[in-house]
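I have placed the structure first, in the form of structure tokens, so that the comments after it can refer back to it.
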Protein chains: 2
Amino acid sequence: MHLFYRVSSLPSWRVQIFLSEKGVQYDSTVYTIAEVKSKPEALLKVNPRSRVPSLKDGDVDIYESMAILTYLEQKFGALGPSITEPKARARVLTRTHEILNYFTDVAAAFVRPLVTGQKDADAFKKYEEFVVELKTWEGYLNDANYVACSDFSLTDTMILPDLYTLERFGIDFEALGFHKIHDYIERNRSRPSIVETFPKEWLGTTSPHSNKIALFVEEYTKYKNGQQ
Amino acid sequence: MHLFYRVSSLPSWRVQIFLSEKGVQYDSTVYTIAEVKSKPEALLKVNPRSRVPSLKDGDVDIYESMAILTYLEQKFGALGPSITEPKARARVLTRTHEILNYFTDVAAAFVRPLVTGQKDADAFKKYEEFVVELKTWEGYLNDANYVACSDFSLTDTMILPDLYTLERFGIDFEALGFHKIHDYIERNRSRPSIVETFPKEWLGTTSPHSNKIALFVEEYTKYKNGQQ
């Protein structure tokens, strides 16, 4: 099995965590963004769109992270509850797609303009939408140690890369009052699949953008206080 | 089993086709967009986000169309190749997510501004990206009668609602030279799952927007000819 991936890319990271959780041994090719865009021949052979993650498993070529994860679940068994527990399985699937369709997009819509230094007229509104999402996931963690059920599941594989990336960019979940999310992040930091896949260059360094989020939250708080 | 859905919504339609292909009997509640936005109590009980499609299967609540489709595949068996045919299965999964992540978005990015009457400075570029996608799918149909393999699969469930919607909005695949896509659309029009799920109000009527696409394609052709 050969994985083509990019360090710290959310879709790549999710596949790496899954493979690590299942103890699957695999070879890999690691690309930078620029390399992926240059359409390397080895990648094009597996994925004509030249995107990562892409996976070669014998004579099987597969790409798009959710397609890869579904394929791996069918090959190695589900992470967490299986189809024999339909209620828990349905919750894992629903929350997995809630991350893809809401959480990741809403977080990126707020964080990306700040990180790239663009002025965004809707920044306050986007931040409020992000806080609503955080409240939803904080609520999910009231019920259990993991975001979909009592075991580590596909849903945790999906959201942990988001949360560590947000932390890297300066979101302080504890300071914002999301204590369950904060504890969840801390608890999983030492999980072997996270240790193994965590971007090495993030260790012991801070993002050059991390103060921008703090400044924004300060500005937002002033604005809200001024409104009252 | 009870499906909450909206007529002609792509995610809802895909789930309806799957259930019809599998011959699953189910009850349903049909909402308009306005009704979904008003957060009806019955829907909120199944899906706190008040979105469709949402599914209640006994005591199992599940939402997000791709979560529902994965759940249904696990409950009733895959449409088309199963996990015992890994190569074909990988192609079905990959192309299913290519539709979600490329085709649907690229088509909507081109069509939506035209339909809503917004001026779009990037309209030519978006149209060209849409044509690139159409070429990709036309190519996939060179190999087989269906878009992922020799049988009707999950991938066909995903793309047919897109294609009938684009046709409704005035895309003439034949005139644009996409003969394989045109034949594919025509061939599947009489398929029982399509007949059963096709929006009744579309039969024998044309969209009030359908001439906008034709006018745009004319304008684009003039522009390209002028460039030469």
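Going through the structure tokens in order, the chains are called A, B, and so on, while each chain numbers its residues from 1 and the ligands are numbered from 1 in the order shown.
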Sorted by chain and rising residue number, list the residues of chain B at most 6 Å from chain A (counting only C-alpha atoms), each with its closest atom pair and distance in Å to one decimal, as a Markdown table.
```
| residue | atom | partner | partner_atom | distance |
| --- | --- | --- | --- | --- |
| B:Val60 | CA | A:Lys87 | CA | 5.1 |
| B:Ile62 | CA | A:Ala90 | CA | 5.7 |
| B:Tyr63 | CA | A:Thr94 | CA | 5.6 |
| B:Ala67 | CA | A:Leu93 | CA | 4.9 |
| B:Lys87 | CA | A:Val60 | CA | 5.0 |
| B:Ala90 | CA | A:Ile62 | CA | 5.7 |
| B:Leu93 | CA | A:Ala67 | CA | 4.9 |
| B:Thr94 | CA | A:Ala67 | CA | 5.3 |
```
Kindly save the residues from that selection, with C-alpha atoms included, as a compact mmCIF listing (two decimals), in the first residue's frame.
```txt
# COMPACT_ATOMS: atom_id res chain seq x y z
CA VAL B 60 -31.84 5.32 14.32
CA ILE B 62 -29.29 9.84 10.46
CA TYR B 63 -28.67 12.91 8.32
CA ALA B 67 -23.92 9.52 5.67
CA LYS B 87 -10.92 -2.38 -7.96
CA ALA B 90 -12.62 1.81 -5.37
CA LEU B 93 -16.12 5.44 -4.27
CA THR B 94 -13.58 7.69 -5.97
```
If we count only C-alpha atoms, what is near A:Ala107 at a cut-off of 10 Å, once residues fewer than 2 positions away on the same chain are taken out, given as an NGL selection string?
-> :A and (102-105 or 109-112 or 126-127 or 129-131 or 133-134 or 162-163 or 166)
Per DSSP on the backbone, what are the helix (DSSP H, G or I) residues of stretch 1-226 of chain A, as number ranges by chain?
-> A: 10-21, 33-37, 41-46, 65-76, 86-116, 123-143, 154-168, 179-189, 192-197, 200-202, 210-226
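Taking atom CA of B:Leu215 as the reference point, atom CA of B:His179 is found at 21.0 Å.
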B:Leu19: which residues within 12 Å, counting only C-alpha atoms, same-chain residues fewer than 2 positions away excluded, as number ranges by chain?
-> B: 1-3, 12-17, 21-28, 55, 68-69, 71-73, 75-79, 154, 157, 192-194, 196-197
Just to be explicit: take each residue in the selection above, keep N, CA and C atoms, and write the result as a compact mmCIF listing (two decimals), in the first residue's frame.
```
# COMPACT_ATOMS: atom_id res chain seq x y z
N MET B 1 -39.22 2.96 8.08
CA MET B 1 -38.25 3.94 7.63
C MET B 1 -38.98 5.19 7.13
N HIS B 2 -38.52 6.34 7.57
CA HIS B 2 -39.20 7.59 7.21
C HIS B 2 -38.17 8.58 6.68
N LEU B 3 -38.38 9.02 5.44
CA LEU B 3 -37.45 9.98 4.82
C LEU B 3 -38.08 11.37 4.80
N SER B 12 -31.34 15.11 -1.59
CA SER B 12 -32.55 14.33 -1.34
C SER B 12 -32.78 13.32 -2.47
N TRP B 13 -32.67 13.81 -3.68
CA TRP B 13 -32.95 12.99 -4.85
C TRP B 13 -32.05 11.76 -4.90
N ARG B 14 -30.78 11.96 -4.54
CA ARG B 14 -29.83 10.84 -4.56
C ARG B 14 -30.28 9.73 -3.61
N VAL B 15 -30.72 10.12 -2.42
CA VAL B 15 -31.19 9.12 -1.45
C VAL B 15 -32.46 8.43 -1.97
N GLN B 16 -33.36 9.21 -2.56
CA GLN B 16 -34.59 8.61 -3.11
C GLN B 16 -34.26 7.57 -4.18
N ILE B 17 -33.30 7.89 -5.07
CA ILE B 17 -32.94 6.93 -6.12
C ILE B 17 -32.39 5.65 -5.50
N GLU B 21 -33.88 2.00 -6.06
CA GLU B 21 -33.07 0.93 -6.67
C GLU B 21 -33.11 -0.34 -5.82
N LYS B 22 -33.12 -0.15 -4.50
CA LYS B 22 -33.11 -1.30 -3.59
C LYS B 22 -34.53 -1.81 -3.29
N GLY B 23 -35.54 -1.12 -3.85
CA GLY B 23 -36.92 -1.55 -3.61
C GLY B 23 -37.35 -1.41 -2.16
N VAL B 24 -36.76 -0.45 -1.45
CA VAL B 24 -37.11 -0.25 -0.05
C VAL B 24 -38.42 0.55 0.05
N GLN B 25 -39.37 0.04 0.81
CA GLN B 25 -40.61 0.77 1.06
C GLN B 25 -40.36 1.74 2.22
N TYR B 26 -40.82 2.97 2.10
CA TYR B 26 -40.63 3.92 3.19
C TYR B 26 -41.74 4.96 3.19
N ASP B 27 -41.99 5.53 4.36
CA ASP B 27 -42.88 6.68 4.47
C ASP B 27 -42.06 7.94 4.24
N SER B 28 -42.73 9.05 4.03
CA SER B 28 -41.94 10.26 3.82
C SER B 28 -42.71 11.51 4.18
N LEU B 55 -33.17 10.94 7.78
CA LEU B 55 -33.82 9.62 7.75
C LEU B 55 -34.02 9.11 9.17
N ILE B 68 -26.21 9.07 5.02
CA ILE B 68 -27.39 8.22 4.79
C ILE B 68 -27.08 7.15 3.74
N LEU B 69 -26.44 7.58 2.64
CA LEU B 69 -26.14 6.61 1.57
C LEU B 69 -25.18 5.53 2.04
N TYR B 71 -24.82 4.49 5.15
CA TYR B 71 -25.63 3.67 6.06
C TYR B 71 -26.51 2.70 5.27
N LEU B 72 -27.17 3.20 4.24
CA LEU B 72 -28.06 2.35 3.44
C LEU B 72 -27.27 1.28 2.69
N GLU B 73 -26.09 1.64 2.18
CA GLU B 73 -25.25 0.64 1.51
C GLU B 73 -24.87 -0.48 2.48
N LYS B 75 -26.56 -1.35 5.11
CA LYS B 75 -27.77 -2.09 5.53
C LYS B 75 -28.31 -2.98 4.41
N PHE B 76 -28.34 -2.44 3.19
CA PHE B 76 -29.00 -3.16 2.09
C PHE B 76 -28.03 -3.73 1.05
N GLY B 77 -26.74 -3.46 1.25
CA GLY B 77 -25.76 -3.91 0.25
C GLY B 77 -25.46 -2.78 -0.72
N ALA B 78 -24.24 -2.81 -1.28
CA ALA B 78 -23.82 -1.76 -2.20
C ALA B 78 -24.63 -1.85 -3.48
N LEU B 79 -24.81 -0.70 -4.12
CA LEU B 79 -25.35 -0.67 -5.48
C LEU B 79 -24.17 -0.89 -6.40
N LEU B 154 -23.61 3.46 -7.05
CA LEU B 154 -23.77 4.67 -6.24
C LEU B 154 -23.40 5.92 -7.04
N THR B 157 -26.23 7.12 -9.07
CA THR B 157 -27.18 7.72 -8.14
C THR B 157 -26.82 9.18 -7.85
N PRO B 192 -36.69 2.67 -13.90
CA PRO B 192 -37.76 2.81 -12.88
C PRO B 192 -37.41 3.76 -11.73
N SER B 193 -36.18 3.70 -11.21
CA SER B 193 -35.83 4.56 -10.06
C SER B 193 -35.81 6.04 -10.46
N ILE B 194 -35.55 6.32 -11.73
CA ILE B 194 -35.57 7.72 -12.20
C ILE B 194 -37.02 8.15 -12.43
N GLU B 196 -39.61 7.06 -11.01
CA GLU B 196 -40.29 7.16 -9.72
C GLU B 196 -39.92 8.44 -8.95
N THR B 197 -38.68 8.91 -9.13
CA THR B 197 -38.19 10.02 -8.30
C THR B 197 -38.12 11.35 -9.04
```
For stretch 221-226 of chain A: contacts at 12 Å, only C-alpha atoms, fewer than 3 positions along chain excluded, given as a list in words =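 In the requested form, the answer reads Phe124, Lys125, Tyr127, Glu128, Leu176, Ala214, Leu215, Phe216, Val217 and Glu218 of chain A.
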Which residues in stretch 18-166 of chain A does DSSP call strand (DSSP E)? List them as a PyMOL selection string.
-> chain A and resi 27-31+54-57+60-63
